[in-house]
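K.L.:
Below is the file work_36.csv, which contains CSV, C-alpha atoms and all ligand atoms.
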```csv
chain,number,residue,atom,x,y,z
A,193,MET,CA,140.7,44.6,183.4
A,194,THR,CA,139.4,41.1,182.9
A,195,ILE,CA,142.2,39.5,181.1
A,196,GLN,CA,143.4,36.3,182.6
A,197,TRP,CA,146.7,34.7,182.2
A,198,PHE,CA,146.5,31.0,182.2
A,199,PRO,CA,149.5,29.5,184.1
A,200,GLY,CA,148.5,26.0,182.8
A,201,HIS,CA,148.9,27.1,179.2
A,202,MET,CA,152.2,28.7,179.9
A,203,ALA,CA,153.5,25.5,181.7
A,204,LYS,CA,152.5,23.4,178.7
A,205,ALA,CA,154.2,25.8,176.2
A,206,ARG,CA,157.3,25.8,178.4
A,207,ARG,CA,157.5,22.0,178.4
A,208,GLN,CA,157.0,21.9,174.7
A,209,ILE,CA,159.9,24.4,174.2
A,210,GLU,CA,162.2,22.7,176.6
A,211,GLU,CA,161.7,19.4,174.8
A,212,LYS,CA,163.0,21.0,171.6
A,213,LEU,CA,165.8,22.9,173.3
A,214,LYS,CA,168.6,20.3,172.6
A,215,LEU,CA,167.8,20.3,168.9
A,216,ILE,CA,168.2,24.0,168.3
A,217,ASP,CA,171.2,26.2,167.6
A,218,VAL,CA,169.5,29.6,167.5
A,219,VAL,CA,166.3,31.2,168.8
A,220,ILE,CA,164.6,33.8,166.6
A,221,GLU,CA,162.5,35.9,168.9
A,222,LEU,CA,159.8,37.7,166.9
A,223,LEU,CA,158.5,40.9,168.5
A,224,ASP,CA,156.1,43.6,167.2
A,225,ALA,CA,158.3,46.6,166.3
A,226,ARG,CA,155.4,48.9,167.6
A,227,THR,CA,155.3,47.2,171.0
A,228,PRO,CA,158.5,45.3,171.5
A,229,LEU,CA,158.4,44.8,175.2
A,230,SER,CA,154.7,44.4,175.5
A,231,SER,CA,154.8,41.7,172.8
A,232,ARG,CA,157.6,39.8,174.5
A,233,ASN,CA,156.8,36.6,176.2
A,234,PRO,CA,158.1,36.8,179.7
A,235,MET,CA,159.2,33.2,179.9
A,236,ILE,CA,161.6,33.3,176.9
A,237,ASP,CA,164.5,34.9,178.7
A,238,GLU,CA,164.4,32.3,181.4
A,239,ILE,CA,164.1,29.2,179.3
A,240,LEU,CA,166.2,30.2,176.3
A,241,SER,CA,168.8,32.4,177.8
A,242,ARG,CA,171.6,30.0,177.0
A,243,LYS,CA,170.8,29.9,173.3
A,244,PRO,CA,172.2,32.5,170.9
A,245,ARG,CA,169.3,34.8,170.0
A,246,VAL,CA,168.3,36.8,167.0
A,247,VAL,CA,165.6,39.4,167.8
A,248,VAL,CA,163.4,40.2,164.8
A,249,LEU,CA,161.3,43.4,165.1
A,250,ASN,CA,158.4,42.6,162.8
A,251,LYS,CA,155.8,44.9,161.3
A,252,ALA,CA,158.5,47.6,161.1
A,253,ASP,CA,156.6,48.9,158.1
A,254,MET,CA,153.9,50.2,160.5
A,255,ALA,CA,156.2,51.5,163.2
A,256,ASP,CA,158.0,54.9,163.7
A,257,LYS,CA,161.4,54.5,162.0
A,258,GLN,CA,163.4,56.5,164.5
A,259,ILE,CA,161.9,54.6,167.5
A,260,THR,CA,162.5,51.3,165.7
A,261,LYS,CA,166.2,52.3,165.4
A,262,ASP,CA,166.3,53.0,169.1
A,263,TRP,CA,164.8,49.6,169.8
A,264,VAL,CA,167.4,47.9,167.6
A,265,ALA,CA,170.1,49.6,169.7
A,266,TYR,CA,168.3,48.6,172.9
A,267,PHE,CA,168.2,44.9,172.0
A,268,GLU,CA,171.8,45.0,170.7
A,269,GLN,CA,172.7,46.3,174.2
A,270,GLU,CA,171.1,43.2,175.5
A,271,LYS,CA,173.7,41.4,173.3
A,272,HIS,CA,171.1,40.0,170.9
A,273,LEU,CA,171.7,40.3,167.1
A,274,THR,CA,168.7,42.4,166.0
A,275,ILE,CA,167.0,43.3,162.8
A,276,ALA,CA,163.8,45.2,161.9
A,277,VAL,CA,161.7,43.7,159.1
A,278,ASP,CA,158.4,43.8,157.2
A,279,SER,CA,157.6,40.1,156.8
A,280,THR,CA,154.9,40.8,154.2
A,281,THR,CA,157.8,41.4,151.7
A,282,GLY,CA,160.7,39.0,151.2
A,283,LYS,CA,163.3,41.7,151.4
A,284,SER,CA,164.6,41.0,154.9
A,285,SER,CA,165.0,37.2,154.5
A,286,LYS,CA,168.7,37.4,153.6
A,287,GLY,CA,169.4,39.6,156.6
A,288,ILE,CA,167.7,37.2,159.0
A,289,ILE,CA,169.5,34.2,157.6
A,290,ALA,CA,172.8,36.1,157.9
A,291,LEU,CA,172.2,36.9,161.5
A,292,CYS,CA,171.2,33.3,162.3
A,293,GLN,CA,174.5,32.2,160.7
A,294,GLN,CA,176.4,34.8,162.8
A,295,ALA,CA,174.6,33.7,166.0
A,296,ALA,CA,175.3,30.0,165.4
A,297,SER,CA,178.9,30.5,164.1
A,298,GLU,CA,180.6,29.5,167.4
A,299,LYS,CA,178.6,26.2,167.7
A,300,ILE,CA,179.2,25.3,164.0
A,301,ALA,CA,182.9,26.0,164.4
A,302,LYS,CA,183.0,23.7,167.5
A,303,LEU,CA,181.2,20.9,165.5
A,304,GLU,CA,183.7,21.4,162.6
A,305,LYS,CA,186.6,21.1,165.0
A,306,LYS,CA,185.2,17.7,166.2
A,307,GLY,CA,185.2,16.7,162.5
A,308,ILE,CA,181.4,17.0,162.2
A,309,GLN,CA,180.5,18.4,158.8
A,310,ALA,CA,178.8,21.8,158.5
A,311,ARG,CA,175.0,21.3,158.5
A,312,ALA,CA,172.0,23.6,158.3
A,313,ILE,CA,171.5,25.8,161.3
A,314,ARG,CA,168.4,24.9,163.3
A,315,ALA,CA,166.4,27.8,164.5
A,316,LEU,CA,163.3,27.9,166.7
A,317,ILE,CA,160.9,30.8,166.1
A,318,VAL,CA,159.2,32.1,169.2
A,319,GLY,CA,156.6,34.8,169.4
A,320,ILE,CA,153.1,35.6,170.8
A,321,PRO,CA,150.1,34.9,168.6
A,322,ASN,CA,149.6,37.3,165.8
A,323,VAL,CA,153.1,38.7,165.8
A,324,GLY,CA,153.7,37.3,162.3
A,325,LYS,CA,155.4,34.0,162.8
A,326,SER,CA,153.6,32.3,159.9
A,327,THR,CA,154.1,35.2,157.6
A,328,LEU,CA,157.8,35.3,158.3
A,329,ILE,CA,158.2,31.5,157.8
A,330,ASN,CA,156.3,31.7,154.5
A,331,ARG,CA,158.6,34.6,153.4
A,332,LEU,CA,161.7,32.8,154.4
A,333,THR,CA,160.8,29.7,152.6
A,334,GLY,CA,159.2,31.4,149.6
A,335,LYS,CA,156.2,29.1,150.0
A,336,ASN,CA,152.9,29.1,151.9
A,337,VAL,CA,153.9,26.4,154.3
A,338,VAL,CA,152.0,27.8,157.3
A,339,ALA,CA,148.5,29.3,157.3
A,340,THR,CA,148.5,33.0,158.3
A,341,GLY,CA,145.9,34.9,160.2
A,342,ASP,CA,145.2,31.8,162.4
A,343,ARG,CA,143.5,32.6,165.6
A,344,PRO,CA,145.3,31.6,168.8
A,345,GLY,CA,144.2,28.2,170.1
A,346,ILE,CA,144.6,26.4,166.8
A,347,THR,CA,147.1,23.7,167.2
A,348,LYS,CA,149.7,23.5,164.5
A,349,ALA,CA,151.5,20.4,163.5
A,350,GLN,CA,155.1,20.6,164.5
A,351,GLN,CA,157.5,20.3,161.6
A,352,TRP,CA,161.0,21.4,160.6
A,353,ILE,CA,160.8,23.7,157.7
A,354,ARG,CA,163.8,24.0,155.3
A,355,VAL,CA,165.1,27.4,154.2
A,356,GLY,CA,167.5,26.7,151.4
A,357,GLN,CA,170.7,24.9,152.4
A,358,GLU,CA,171.4,27.2,155.3
A,359,LEU,CA,168.5,27.0,157.8
A,360,GLU,CA,165.9,24.7,159.3
A,361,LEU,CA,163.1,26.3,161.1
A,362,LEU,CA,160.7,25.2,163.8
A,363,ASP,CA,157.6,27.3,164.7
A,364,THR,CA,156.8,27.9,168.4
A,365,PRO,CA,155.5,24.7,169.9
A,366,GLY,CA,152.2,25.6,171.7
A,367,ILE,CA,151.0,29.0,172.3
A,368,LEU,CA,153.1,31.7,174.0
A,369,TRP,CA,150.8,34.2,175.5
A,370,PRO,CA,152.0,37.7,176.4
A,371,LYS,CA,151.9,38.5,180.0
A,372,PHE,CA,149.3,41.1,180.9
A,373,GLU,CA,150.3,42.0,184.5
A,374,ASP,CA,150.7,45.5,183.5
A,375,GLU,CA,147.4,47.1,182.4
A,376,GLN,CA,149.3,49.2,179.8
A,377,VAL,CA,150.6,46.1,178.1
A,378,GLY,CA,147.1,44.8,177.6
A,379,TYR,CA,146.0,48.1,176.1
A,380,ARG,CA,149.0,48.3,173.8
A,381,LEU,CA,148.4,44.8,172.5
A,382,ALA,CA,144.7,45.5,172.0
A,383,ALA,CA,145.5,48.8,170.2
A,384,THR,CA,147.6,47.0,167.6
A,385,GLY,CA,145.0,44.2,167.3
A,386,ALA,CA,147.4,41.6,168.8
A,387,ILE,CA,144.6,40.6,171.1
A,388,LYS,CA,141.0,40.5,170.0
A,389,ASP,CA,138.7,43.5,170.5
A,390,GLU,CA,136.2,41.4,172.6
A,391,ILE,CA,138.8,40.8,175.3
A,392,LEU,CA,139.1,44.4,176.5
A,393,ASN,CA,136.5,47.2,176.5
A,394,VAL,CA,137.0,48.9,173.1
A,395,GLU,CA,136.2,52.3,174.5
A,396,ASP,CA,138.9,51.9,177.1
A,397,VAL,CA,141.4,50.8,174.5
A,398,ALA,CA,140.6,53.8,172.3
A,399,PHE,CA,140.8,56.1,175.3
A,400,TYR,CA,144.2,54.8,176.2
A,401,THR,CA,145.3,55.0,172.6
A,402,LEU,CA,144.0,58.5,172.1
A,403,LYS,CA,145.7,59.8,175.2
A,404,TYR,CA,149.0,58.3,174.1
A,405,LEU,CA,148.6,59.7,170.6
A,406,MET,CA,147.9,63.2,172.0
A,407,THR,CA,151.2,63.1,173.8
A,408,ALA,CA,153.4,61.3,171.3
A,409,TYR,CA,151.8,62.0,167.9
A,410,PRO,CA,149.6,65.2,168.3
A,411,ASP,CA,150.2,66.4,164.7
A,412,ALA,CA,149.2,63.0,163.2
A,413,LEU,CA,146.0,63.1,165.2
A,414,MET,CA,145.2,66.7,164.3
A,415,ASP,CA,145.9,66.1,160.6
A,416,ARG,CA,143.8,62.9,160.4
A,417,TYR,CA,140.7,64.3,162.1
A,418,GLU,CA,141.1,67.9,161.2
A,419,LEU,CA,141.2,69.0,164.8
A,420,LYS,CA,142.1,72.6,165.4
A,421,GLU,CA,143.6,72.0,168.8
A,422,LEU,CA,144.1,69.4,171.5
A,423,PRO,CA,143.4,69.8,175.2
A,424,SER,CA,146.3,70.8,177.3
A,425,ASP,CA,145.3,68.8,180.4
A,426,LEU,CA,145.7,65.1,179.5
A,427,GLU,CA,145.0,64.1,183.0
A,428,ASN,CA,141.5,65.2,182.7
A,429,PRO,CA,139.5,62.3,181.2
A,430,HIS,CA,136.6,64.5,180.2
A,431,GLU,CA,138.9,66.4,177.8
A,432,ILE,CA,140.0,63.1,176.1
A,433,VAL,CA,136.4,62.0,175.8
A,434,GLU,CA,135.6,65.3,174.2
A,435,VAL,CA,138.2,64.7,171.5
A,436,MET,CA,136.8,61.2,171.0
A,437,GLU,CA,133.4,62.9,170.5
A,438,GLN,CA,134.8,65.4,168.0
A,439,ILE,CA,136.2,62.5,166.0
A,440,GLY,CA,132.9,60.6,166.3
A,441,LYS,CA,131.1,63.6,165.0
A,442,LYS,CA,133.4,64.1,162.1
A,443,ARG,CA,133.1,60.4,161.1
A,444,GLY,CA,129.3,60.3,161.5
A,445,CYS,CA,129.2,58.0,164.5
A,446,LEU,CA,125.9,59.2,165.7
A,447,GLN,CA,123.0,57.5,167.5
A,448,SER,CA,119.4,58.7,167.9
A,449,GLY,CA,119.0,62.2,169.2
A,450,GLY,CA,122.3,63.2,167.7
A,451,VAL,CA,124.3,61.6,170.5
A,452,ILE,CA,127.8,60.5,169.6
A,453,ASN,CA,128.2,56.8,169.6
A,454,LEU,CA,131.5,56.4,171.5
A,455,GLU,CA,131.9,52.7,170.7
A,456,LYS,CA,131.8,53.4,166.9
A,457,ALA,CA,134.2,56.4,167.4
A,458,SER,CA,136.5,54.1,169.2
A,459,LEU,CA,136.5,51.5,166.4
A,460,VAL,CA,137.2,54.3,163.9
A,461,ILE,CA,140.3,55.4,165.9
A,462,LEU,CA,141.6,51.8,166.3
A,463,ARG,CA,141.0,50.9,162.7
A,464,ASP,CA,142.9,54.0,161.5
A,465,LEU,CA,145.8,53.1,163.8
A,466,ARG,CA,145.9,49.5,162.6
A,467,THR,CA,145.7,50.4,158.9
A,468,ASP,CA,148.4,53.0,158.9
A,469,LYS,CA,145.9,55.9,158.4
A,470,LEU,CA,147.5,57.8,161.3
A,471,GLY,CA,151.0,57.2,159.9
A,472,LYS,CA,153.8,55.2,161.3
A,473,ILE,CA,153.1,54.8,165.0
A,474,SER,CA,155.1,53.1,167.8
A,475,LEU,CA,153.2,52.6,171.0
A,476,GLU,CA,156.2,52.0,173.1
A,477,ARG,CA,159.7,53.4,173.3
A,478,PRO,CA,162.8,52.4,175.1
A,479,SER,CA,162.9,54.2,178.4
B,1,LIG,P1,151.2,34.4,163.8
B,1,LIG,O1,151.6,33.2,162.9
B,1,LIG,O2,152.4,34.8,164.7
B,1,LIG,O3,150.0,34.2,164.6
B,1,LIG,O4,150.9,35.6,162.9
B,1,LIG,P2,150.5,35.7,161.3
B,1,LIG,O5,151.7,35.4,160.5
B,1,LIG,O6,149.3,34.9,161.1
B,1,LIG,O7,150.3,37.3,161.1
B,1,LIG,C1,149.2,37.9,161.8
B,1,LIG,C2,148.8,39.1,161.0
B,1,LIG,O8,149.9,40.1,160.9
B,1,LIG,C3,148.5,38.8,159.5
B,1,LIG,O9,147.4,39.7,159.1
B,1,LIG,C4,149.7,39.2,158.7
B,1,LIG,O10,149.5,39.5,157.4
B,1,LIG,C5,150.2,40.4,159.5
B,1,LIG,N1,151.6,40.6,159.4
B,1,LIG,C6,152.6,39.7,159.6
B,1,LIG,N2,153.8,40.3,159.5
B,1,LIG,C7,153.6,41.6,159.1
B,1,LIG,C8,154.5,42.7,158.8
B,1,LIG,O11,155.7,42.6,158.8
B,1,LIG,N3,153.9,43.8,158.4
B,1,LIG,C9,152.5,44.0,158.4
B,1,LIG,N4,152.0,45.2,158.0
B,1,LIG,N5,151.7,43.0,158.7
B,1,LIG,C10,152.2,41.8,159.0
B,1,LIG,P3,145.9,39.2,159.1
B,1,LIG,O12,145.1,40.3,158.5
B,1,LIG,O13,145.5,38.7,160.5
B,1,LIG,O14,145.9,37.9,158.2
B,1,LIG,P4,146.0,37.8,156.6
B,1,LIG,O15,144.7,38.3,156.1
B,1,LIG,O16,147.2,38.6,156.2
B,1,LIG,O17,146.2,36.3,156.4
```
What do you get writing this file as C-alpha cells?

P.N.:
Amino acid sequence: MTIQWFPGHMAKARRQIEEKLKLIDVVIELLDARTPLSSRNPMIDEILSRKPRVVVLNKADMADKQITKDWVAYFEQEKHLTIAVDSTTGKSSKGIIALCQQAASEKIAKLEKKGIQARAIRALIVGIPNVGKSTLINRLTGKNVVATGDRPGITKAQQWIRVGQELELLDTPGILWPKFEDEQVGYRLAATGAIKDEILNVEDVAFYTLKYLMTAYPDALMDRYELKELPSDLENPHEIVEVMEQIGKKRGCLQSGGVINLEKASLVILRDLRTDKLGKISLERPS
C-alpha cells in the first residue's frame, strides 16, 4: 500500500487545535457510522481527552441500523455522549444541541456559581476530511455557512458559527487525516469514498470490499447482482476474482476479445456501495 501519513501535517493540526483548546467547552467528534474506528483521528483522544465529548455517528442513513446501535453502545461505554445522525436532513440538530448542553452542564454550572452568566456553549467539531463536518454545520445553523464537498487541502477560514442562542461552533482547524497504519483502515476508507480512488488501487479496494460483503452481507450481494451462489472458500483469491468477473459480465464491463474489465467491474461495485444500491452496509463492527 502506498498511502503516506504526513507527520508534519498532523503536528500542524495538533498545534492549531491546542491553540483553541482553552476556548472550548465541548468537542463534537464526527465519525462515519459505517466505519467509526477507521474514520477516527488517532490524535484526538490524546489532545482532547480532558474535554467533554459528544460522538456523532454521521451518515447513519447509509449504515446498518443494528450495527449503528451497537456502535452507540460502544462509545457510550467509553463515557461519551453519542448520537447517530443523517446530516443531510436537519432532523438530528436538536439531539446534538441537547447532548452538547448535557456535556457542558458541569462547566456552565461552575461558571454560574462564580456569578458568571450563562453563555452559549462553545463546541469544536473535529473529524477527518469528507466525514460531513460542513454538512452538519450547515444543518445546525440552517444556512450554507460552509462549502460542502471540499477536497482535503483547501484551507478554510476559521470562524465561530452561531447556532441559535445555545451553541457556538468552530470547525476543525487544519486537516485531521485518518491514520492508515492498518491496511484494512485504508481499504474501508477507500470503499466509502472517504479517500480518493486514485490513492489506492481500485481493484484492490473492490476485492477487499467484495470479500467483506460475501461474509457480512451475502444476501445483499446475491440479490443485487443476481448471483446464484457464492464461493465457500473466501481465503481463495481466485474465487473472489471469479465473483468480480461474474458481476463485470452482468454489468457489461467487457474489453476486446470478450475479456472482463476488472477495473470497470470494481468501479461498479464501489459505486453501488456508495450510493446505497447494496442496501445499508456497515464496514466495521464493534469487536
Ligand atoms: P467535510 O466538511 O467533513 O469534508 O465533509 P462534507 O460536509 O463536505 O461532506 C462530504 C460528503 O458527504 C458530501 O457529499 C456530503 O453531502 C455527504 N454527507 C455528509 N453528511 C452526510 C450524511 O449524513 N448522509 C449522507 N448520505 N451523506 C452525507 P459530496 O457528494 O462529496 O458533496 P455534495 O455534492 O453533497 O456537496

K.L.:
Mind giving me the straight-line distance from CA of Gln309 (chain A) to CA of Thr333 (chain A) in Å, one decimal?

P.N.:
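So the answer is 23.5 Å.
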
K.L.:
One number please: CA of Lys204 (chain A) to CA of Ala382 (chain A), in Å, one decimal.

P.N.:
24.4 Å

K.L.:
Would you please work out which residue, of A:Ser297, A:Gln357, A:Thr364, A:Ser230, is nearest to ligand LIG 1 (chain B) when using all atoms listed in the file?

P.N.:
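When distances to ligand LIG 1 (chain B) are compared using all atoms listed in the file, the smallest one comes from A:Thr364.
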
K.L.:
Please identify all polymer residues within 10 Å of Arg242 (chain A), counting only C-alpha atoms, omitting same-chain residues fewer than 4 positions from it, and present them as a list in words.

P.N.:
Leu213, Val218, Val219, Asp237 and Glu238 of chain A

K.L.:
Find the residues near ligand LIG 1 (chain B). Use a cut-off of 6 Å, count only C-alpha atoms and all ligand atoms, and write them as a PyMOL selection string.

P.N.:
chain A and resi 250-251+253-254+278-280+321-327+340-342

K.L.:
As a list in words, please: the residues near region 208-212 of chain A (cut-off 12 Å, only C-alpha atoms, same-chain neighbours under 6 positions excluded).

P.N.:
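Those residues are His201, Met202, Val218, Val219, Met235, Ile236, Glu238, Ile239, Leu240, Ser241, Arg242, Lys243, Arg314, Ala315, Leu316, Ile317, Val318, Gly319, Gln350, Gln351, Trp352, Leu361, Leu362, Asp363, Thr364, Pro365, Gly366, Ile367 and Leu368 of chain A.
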
K.L.:
Name all residues at most 7 Å from Ser231 (chain A) (count all atoms listed in the file; drop same-chain ones fewer than 5 positions away) and give them as a PyMOL selection string.

P.N.:
chain A and resi 223-224+320+370

K.L.:
Suppose you want the space between CA of Glu434 (chain A) and CA of Ile387 (chain A); what is it in Å?

P.N.:
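Interatomic distance, CA of Glu434 (chain A) to CA of Ile387 (chain A): 26.5 Å.
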
K.L.:
Excluding Thr260 (chain A) and its own-chain neighbours fewer than 3 positions away, which residues fall within 9 Å of it when counting all atoms listed in the file? Please give them as a ChimeraX atom specification.

P.N.:
/A:225-226,249,252,255-257,263-265,276,474,477

K.L.:
Please save C-alpha atoms of the selected residues as a CSV table (one decimal), keeping the file's coordinate frame.

P.N.:
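Dumped to out.csv:
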```csv
chain,number,residue,atom,x,y,z
A,225,ALA,CA,158.3,46.6,166.3
A,226,ARG,CA,155.4,48.9,167.6
A,249,LEU,CA,161.3,43.4,165.1
A,252,ALA,CA,158.5,47.6,161.1
A,255,ALA,CA,156.2,51.5,163.2
A,256,ASP,CA,158.0,54.9,163.7
A,257,LYS,CA,161.4,54.5,162.0
A,263,TRP,CA,164.8,49.6,169.8
A,264,VAL,CA,167.4,47.9,167.6
A,265,ALA,CA,170.1,49.6,169.7
A,276,ALA,CA,163.8,45.2,161.9
A,474,SER,CA,155.1,53.1,167.8
A,477,ARG,CA,159.7,53.4,173.3
```
